[in-house]
Amino acid sequence: MHLENQTVLITGGTGSFGKQFVEIVLRECRPRKVIVFSRDELKQFEMQQNPKYQDDRLRFFLGDVRDVDRLQRAFAGVDVVIHAAALKQVPAAEYNPFEAVKTNINGAQNVINAAIDQGVRRVVALSTDKAANPVNLYGATKLCSDKLFIAGNAYTGGGTTRFSVVRYGNVLGSRGSVLPLFLQQRQTGVITLTDPRMTRFWITLEQAVRFVLRALETMQGGELYVPKIPSMSMGEMAAAIAPDCEHRIVGIRPGEKMHEVMIPEDEAHRTLDCHGYYVIQPAFPWWSHDTAAAHRGTPVPENFRYASDTNPQKMSRDELLRLAHAMFPEAGLLPDGPIDEATVRVRADAEVPTTRAA
Ligand SMILES: NC(=O)c1ccc[n+]([C@@H]2O[C@H](COP(=O)([O-])OP(=O)(O)OC[C@H]3O[C@@H](n4cnc5c(N)ncnc54)[C@H](OP(=O)(O)O)[C@@H]3O)[C@@H](O)[C@H]2O)c1
């Protein structure tokens, strides 16, 4: 679906993904209107002050996804919804489980109901690798959310609303993530890493936004999209970023996995390899072979598992250094050279480190 002349609403539009999404959509997709929906007026105010977002097609709605009446009002006249609002800190979700359930699960249900009632045509909800075989509450709430969105396609009662989910891994350089942490710590000569064997999938914010835009174009409703992205171990990342530092091992933390799984083996029989991405097909009778054919994918082998340790696509040291240098040029990881367009874009992904995020 092209976004030209469409009204697009993004819940969580002031977050990392949301800001990058709004910037790219305003710059490249000619929407009629883009609505940012989130709770905190300060984050919205700061976004409004940023020259990147000085655009009269942009609107800001204060609201909470826990409040279905507010969502009903906000979704009136909206064509496309991207659902990015979530509580996503693993420890915060463990200690405040009812809050995580209210935002990530009840909020998802509210978005689905409001989208159907207001005749929104397409909804893409963001998910995480932590939702596959979850071991923490954050992942478990996102798994519930994924299932609600996929099943939401059966609730439309002949209406035109379609729901799909996009699942991806860690965002490289995002607030509180390991890359800015290593860069900060390396000035002290000691960096802390959980376990050098630990592996993760890595994606940049721009890649995540472009993948969601691609999903919007190809979705039939019911797909769980997984991009093919590279993985890297913590040991390799530490060696690339801070080769001369002491690497102090602090051990795996509660709620963390040694390796992340994006597609568990149990879902292989429903998974299509669609070249640049995978689609986990829904296990519902309304999903037909004809619908699946639109993706021109091929079924993956029975014992297939898409996990960060066995992923054949590895992030090389050079690729990591290039991306990290583009995001944090002041760290001096590479000698300064001419800046190409890709580097300029990736710099927009970089965020100041705060606390450690999911
Ligand atoms: N970052 C990652 O590494 C990563 C990886 C995979 C998947 N994801 C998924 O991607 C999505 C976006 O993540 P992100 O990194 O952009 O998160 P983020 O930077 O923490 O932003 C979260 C956004 O949601 C809003 N929000 C939170 N609770 C809300 C509520 N109850 N009602 C309305 N808005 C609410 C926040 O604004 P207010 O606080 O002002 O409401 C903010 O705009 C999430 O669904 C996350 O699970 C993230």
# chains A, B, ... in the order shown; residues from 1 in each chain; ligands from 1
$ closest_atom_pairs --of "stretch 8-93 of chain A" --to "stretch 117-132 of chain A" --cutoff "6 Å" --atoms "only C-alpha atoms" --output "tab-separated table"
residue	atom	partner	partner_atom	distance
A:Ala76	CA	A:Gln118	CA	5.6
A:Val78	CA	A:Val120	CA	5.7
A:Asp79	CA	A:Val120	CA	4.8
A:Val80	CA	A:Arg122	CA	4.9
A:Val81	CA	A:Val123	CA	4.7
A:Ile82	CA	A:Val124	CA	5.0
A:His83	CA	A:Ala125	CA	4.5
A:Ala84	CA	A:Leu126	CA	5.6
$ residues_near_ligand --ligand "ligand 1" --cutoff "6 Å" --atoms "only C-alpha atoms and all ligand atoms" --output "ChimeraX atom specification"
/A:11-18,38-40,43,63-66,84-88,103,126-128,168-171,358
$ write_last_selection --atoms "C-alpha atoms" --output "short mmCIF file (atom, residue, chain, number, x, y, z; two decimals), in the first residue's frame"
data_model
loop_
_atom_site.label_atom_id
_atom_site.label_comp_id
_atom_site.auth_asym_id
_atom_site.auth_seq_id
_atom_site.Cartn_x
_atom_site.Cartn_y
_atom_site.Cartn_z
CA THR A 11 1.13 4.95 18.37
CA GLY A 12 4.40 5.54 20.21
CA GLY A 13 5.34 8.11 17.57
CA THR A 14 7.71 9.92 19.95
CA GLY A 15 9.81 6.77 20.56
CA SER A 16 12.98 5.72 18.74
CA PHE A 17 11.18 3.85 15.98
CA GLY A 18 8.34 6.38 15.81
CA SER A 38 1.52 8.98 22.76
CA ARG A 39 1.14 9.97 26.43
CA ASP A 40 3.91 12.35 27.40
CA LYS A 43 8.27 14.25 24.35
CA GLY A 63 -3.49 9.61 24.54
CA ASP A 64 -2.91 6.26 26.14
CA VAL A 65 -3.41 2.97 24.30
CA ARG A 66 -5.11 1.73 27.48
CA ALA A 84 4.77 0.98 18.13
CA ALA A 85 3.68 2.03 21.65
CA ALA A 86 4.90 -0.43 24.27
CA LEU A 87 6.56 -0.85 27.61
CA LYS A 88 9.78 -2.57 26.53
CA THR A 103 -0.08 -1.44 27.90
CA LEU A 126 5.72 -4.09 16.03
CA SER A 127 7.00 -7.16 17.79
CA THR A 128 10.38 -8.34 19.04
CA TYR A 168 12.75 -7.85 14.55
CA GLY A 169 15.81 -8.00 16.82
CA ASN A 170 17.96 -5.52 18.73
CA VAL A 171 18.24 -2.03 17.32
CA ALA A 358 15.40 -4.38 25.89
#
$ closest_atom_pairs --of "stretch 55-150 of chain A" --to "stretch 265-282 of chain A" --cutoff "12 Å" --atoms "only C-alpha atoms" --output "CSV"
residue,atom,partner,partner_atom,distance
A:Ala132,CA,A:Glu267,CA,9.8
A:Asn133,CA,A:Asp266,CA,9.8
A:Asp146,CA,A:Pro282,CA,10.8
A:Lys147,CA,A:Pro282,CA,9.2
A:Leu148,CA,A:Pro282,CA,11.5
A:Phe149,CA,A:Pro282,CA,10.7
A:Ile150,CA,A:Pro282,CA,6.9
$ residues_around --residues "A:Leu58" --least-positions-apart "6" --cutoff "7 Å" --atoms "only C-alpha atoms" --output "ChimeraX atom specification"
/A:33-35
$ write_last_selection --atoms "C-alpha atoms" --output "short mmCIF file (atom, residue, chain, number, x, y, z; two decimals), in the first residue's frame"
data_model
loop_
_atom_site.label_atom_id
_atom_site.label_comp_id
_atom_site.auth_asym_id
_atom_site.auth_seq_id
_atom_site.Cartn_x
_atom_site.Cartn_y
_atom_site.Cartn_z
CA LYS A 33 -1.40 13.53 7.34
CA VAL A 34 0.77 11.81 9.94
CA ILE A 35 -0.55 11.59 13.51
#
$ select_by_dssp --residues "stretch 149-333 of chain A" --states "alpha helix (DSSP H)" --output "JSON, numbers by chain"
{"A": [149, 150, 151, 152, 178, 179, 180, 181, 182, 183, 184, 185, 205, 206, 207, 208, 209, 210, 211, 212, 213, 214, 215, 216, 217, 218, 234, 235, 236, 237, 238, 239, 240, 241, 289, 290, 291, 292, 293, 317, 318, 319, 320, 321, 322, 323, 324, 325, 326, 327]}
$ closest_residue --among "A:Pro264, A:Pro329, A:Gly107, A:Gly222" --to "A:Asn303" --atoms "only C-alpha atoms"
A:Pro264
$ residues_around --residues "stretch 238-248 of chain A" --least-positions-apart "5" --cutoff "12 Å" --atoms "only C-alpha atoms" --output "VMD selection string"
chain A and resid 178 to 199 232 to 233 315 to 325 328 331 to 334
$ write_last_selection --atoms "C-alpha atoms" --output "mmCIF file, in the first residue's frame"
data_model
loop_
_atom_site.group_PDB
_atom_site.id
_atom_site.type_symbol
_atom_site.label_atom_id
_atom_site.label_comp_id
_atom_site.auth_asym_id
_atom_site.auth_seq_id
_atom_site.Cartn_x
_atom_site.Cartn_y
_atom_site.Cartn_z
ATOM 1 C CA VAL A 178 25.145 -2.298 24.283
ATOM 2 C CA LEU A 179 26.928 -0.302 21.572
ATOM 3 C CA PRO A 180 26.652 3.141 23.233
ATOM 4 C CA LEU A 181 27.402 1.412 26.555
ATOM 5 C CA PHE A 182 30.662 -0.076 25.236
ATOM 6 C CA LEU A 183 31.630 3.281 23.735
ATOM 7 C CA GLN A 184 31.024 5.017 27.039
ATOM 8 C CA GLN A 185 32.838 2.364 29.089
ATOM 9 C CA ARG A 186 35.818 2.118 26.784
ATOM 10 C CA GLN A 187 37.018 5.501 28.016
ATOM 11 C CA THR A 188 37.600 3.867 31.421
ATOM 12 C CA GLY A 189 39.666 0.992 30.000
ATOM 13 C CA VAL A 190 37.186 -1.656 31.174
ATOM 14 C CA ILE A 191 34.039 -2.787 29.392
ATOM 15 C CA THR A 192 31.473 -5.112 30.945
ATOM 16 C CA LEU A 193 29.865 -7.847 28.933
ATOM 17 C CA THR A 194 27.327 -10.413 29.990
ATOM 18 C CA ASP A 195 28.828 -13.378 28.128
ATOM 19 C CA PRO A 196 31.108 -13.277 25.081
ATOM 20 C CA ARG A 197 29.254 -16.267 23.593
ATOM 21 C CA MET A 198 25.903 -14.479 23.690
ATOM 22 C CA THR A 199 24.571 -13.642 20.206
ATOM 23 C CA MET A 232 26.976 -11.016 16.026
ATOM 24 C CA SER A 233 28.240 -12.266 19.371
ATOM 25 C CA MET A 315 27.699 -9.061 10.896
ATOM 26 C CA SER A 316 31.362 -8.558 10.076
ATOM 27 C CA ARG A 317 33.707 -6.454 12.159
ATOM 28 C CA ASP A 318 34.030 -3.986 9.260
ATOM 29 C CA GLU A 319 30.273 -3.635 8.874
ATOM 30 C CA LEU A 320 29.844 -3.055 12.602
ATOM 31 C CA LEU A 321 32.605 -0.454 12.669
ATOM 32 C CA ARG A 322 31.145 1.329 9.648
ATOM 33 C CA LEU A 323 27.671 1.515 11.204
ATOM 34 C CA ALA A 324 29.000 2.409 14.654
ATOM 35 C CA HIS A 325 31.240 5.111 13.224
ATOM 36 C CA PHE A 328 28.880 7.881 16.814
ATOM 37 C CA ALA A 331 34.088 7.903 19.137
ATOM 38 C CA GLY A 332 36.775 7.915 16.411
ATOM 39 C CA LEU A 333 36.308 4.237 15.500
ATOM 40 C CA LEU A 334 37.371 4.894 11.906
#
$ atom_distance --atom1 "atom CA of A:Glu23" --atom2 "atom CA of A:Ala74"
20.3 Å
